[in-house]
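Working notes for the structure below.
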Amino acid sequence: MPVSVSEFDGVDFQCNECLKRFDLDAQTIADRFNKDNADFAKAFIKNKFINFILSNKTLTDAAHFILREKKLPLAAVKPQKVFFDYGGANIAKAMHIGHLRSAIIGEALKRLFEDFGHTTVSDVYLGDWGLQMGLVIAYLLENKLDIDGITLNDLNEIYPAASKLKDESERFYNLASDITARLQKLEQPYYGIWERLRKISLTDIRKNYELLNCTFDYYNGESSYQKYTAEVLEKLRPYTNLSDGALIIEVGLNVPMILQKRNGGNLYATSDVAAIYARAGEFTPDRFIYITDSRQAFHFKQLFSCAKIGKLVGKDTELTHIPYGSINDKDGRPFKTREGGTIKFSDVITGDKIQLAAVKFADFINNVRKDYIFDLDKATMNEGKTGVYLLYTLVRIKSILSKAGKFDIDLDANLIDDDTRKIFTSIIKLAESYTIALNTLTLNNIADGIYDLAAAFSSFYANRKILKEEDGGRRNFYLSICLAVKTALEFGLKTLAITFVDKM
RNA sequence: GUUCCGGUAACUCAGCUGGAUAGAGUAACGCCCUUCUAAGGCGUAAGUCGUGCGUUCGAAUCGCACCCGGAACACCA
């Protein structure tokens, strides 16, 4: 019988099945529940709802589990192997604020799956093989720029300039397209220049992802999968045909998917098809999860349909795209600098742990799929529902524990009062939020759960002096709670890939 | 034009496989530091849940229509 968290005062969980089914008598069910599960929870009826109040034993059991196992009591699931594709930084293009969400959402989801015991494989899948490379190379050659001495800063200026030129000059666009196609055939000098550009960018990209706590198993890119292109196109041959010179495949949507351009050049789609084929072959994952911005939703519909039609993945392989909304400014417009340029990664991510926690938490607290208004000042504000608050709460707990010295773990259920009860239920609800997160592939439930636990602790903390408590049993009870909350908060922050500190 | 996503307090957002009194944070206004980190705690005030019909014992939640905002829709990624 389905049970859900209740918002009703003094009730932990509720069941309203008896309101829907006349054959069920709420009182009978509650009575039976109470008979069989007396030490777990108490059921009672109000307004035809069956309400459940968790027993003190259930509350302390959860805390004991955390203290013993150093993790939250999560529901058991059948372990799967899941392939994560997130990150997606571009070579020869500075990382900017738009790259932030894929990285932090992807990393947190990956960790969430690992918390549940799933095996994961992750690939950053760099954008290193498309037209953007041809644009930059064409620009370098046309302007006779010193390619050996080029720096990342130069690239940051070259790409926007080349991109602009592409829109203004058809001649330049054609040149860049031609160079892209030649590069894809590994022709010199283009391939050599490409290697140089990739090397310069990669150092910076790795550094940035490390700052964000992103841990990719592979730093592959579109280029890494090109060697599978011929093979995958051959496999798809029965389903493809030529249209207007381009190689296309009908995927059951109103628009076919283009696999190869008229000039023989490959596109993003080509790389993606090759990549999913190669990954399925090498890792045989039960599931693929791609995390990109929502504008690519249609592309992934095409890709997944193509992969199924062409049997590039197993029949039962689950293919998931998580589309996230764009980061907008206070006026709801795509985030730009005052001059109209993109906000650079380094403007937002400085490496300061507290600021980083704030930026990440501000993202998690919002629904992944929606656009969200990014306000650095607000995110890093010292008050309210922020990453700073969580870190601060943790610091205060740590301070108490270090001053307390040794103590015996003792959770005497008789000592539970309103404040401590709130802490215990918050812990249980946090564990519940993990299941919701896993099922919905969102993270705001966990972020909220962590906040609620921290808030419950802050209330408890404000109402008593833990270290001055003279009753030994009570002191142990309080300190044990501190330790359990600390462990739960740290576990939660680790899932979200937020680094915490000891002092601030 | 077709399709998708969004519209909830002044602001930023939860809640959406229908359920009890629609929740947080911010901003506003009060109160609480000789006391474990006040980056904190407690409280007050703030809502035609975009609009209109419909389904239901019951709708922010489901259906239909409409209005606003954003996005995607063949050689970009």
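Letters A, B, ... mark the chains of the structure tokens in the order given; residue numbers begin at 1 per chain; ligand numbers begin at 1, in order shown.
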
Query raised in the report: What residues in chain A lie within 6 Å of chain B, counting only C-alpha atoms (C1' of nucleotides), written as a list in words?
Result: Lys261, Asn382, Gly384, Lys385, Arg396, Ile400, Ala462 and Leu467 of chain A

Query raised in the report: If you count only C-alpha atoms (C1' of nucleotides), which residues fall within 12 Å of C53 of chain B, apart from same-chain ones fewer than 4 positions away, as a PyMOL selection string?
Result: chain B and resi 63-66

Take the residues from that selection and write them out as a JSON list (two decimals), in the first residue's frame, keeping C-alpha atoms (C1' of nucleotides).
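Just written: part.json:
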[["chain", "number", "residue", "atom", "x", "y", "z"],
["B", 63, "G", "C1'", -8.23, 16.82, -19.80],
["B", 64, "C", "C1'", -9.58, 20.61, -23.46],
["B", 65, "A", "C1'", -9.23, 25.72, -25.19],
["B", 66, "C", "C1'", -6.82, 30.23, -24.85]]

Query raised in the report: Please, which residues of segment 223-254 of chain A, numbered as in this document, come out helix (DSSP H, G or I) from DSSP, as a PyMOL selection string?
Result: chain A and resi 223-239

Requested in this report: Name the residues in contact with Val11 of chain A at a cut-off of 10 Å, using only C-alpha atoms (C1' of nucleotides), excluding same-chain residues fewer than 6 positions from it; report them as a list in words.
Outcome: Val5, Lys42, Ala43, Phe44, Ile50, Asn51, Phe52, Ile53 and Leu54 of chain A

Query raised in the report: Quick one: residues within 12 Å of Ile205 of chain A, only C-alpha atoms (C1' of nucleotides) counted, chain neighbours fewer than 2 positions away excluded, as JSON, numbers by chain?
Result: {"A": [87, 88, 89, 90, 91, 92, 93, 94, 95, 96, 99, 100, 103, 124, 125, 126, 127, 152, 198, 199, 200, 201, 202, 203, 207, 208, 209, 210, 211, 212, 214, 216, 219, 345, 346]}

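Minimum distance to A46 of chain B across B:C16, B:C62, B:A27, B:A9 (counting only C-alpha atoms (C1' of nucleotides)) occurs at B:A9.
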
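From atom CA of Leu376 of chain A back to atom CA of Lys344 of chain A, the distance works out to 13.0 Å.
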
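Checking A:Asp25, A:Glu234, A:Asp272, A:Glu170 one by one against Gly130 of chain A, counting only C-alpha atoms, you find the shortest gap at A:Asp272.
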
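All residues in segment 271-483 of chain A with a DSSP state of strand (DSSP E), computed from the backbone, read A:Arg287, A:Phe288, A:Ile289, A:Tyr290, A:Ile291, A:Thr292, A:Asp293, A:Glu318, A:Leu319, A:Thr320, A:His321, A:Ile322, A:Pro323, A:Tyr324, A:Ile327, A:Asn328, A:Tyr372, A:Ile373.
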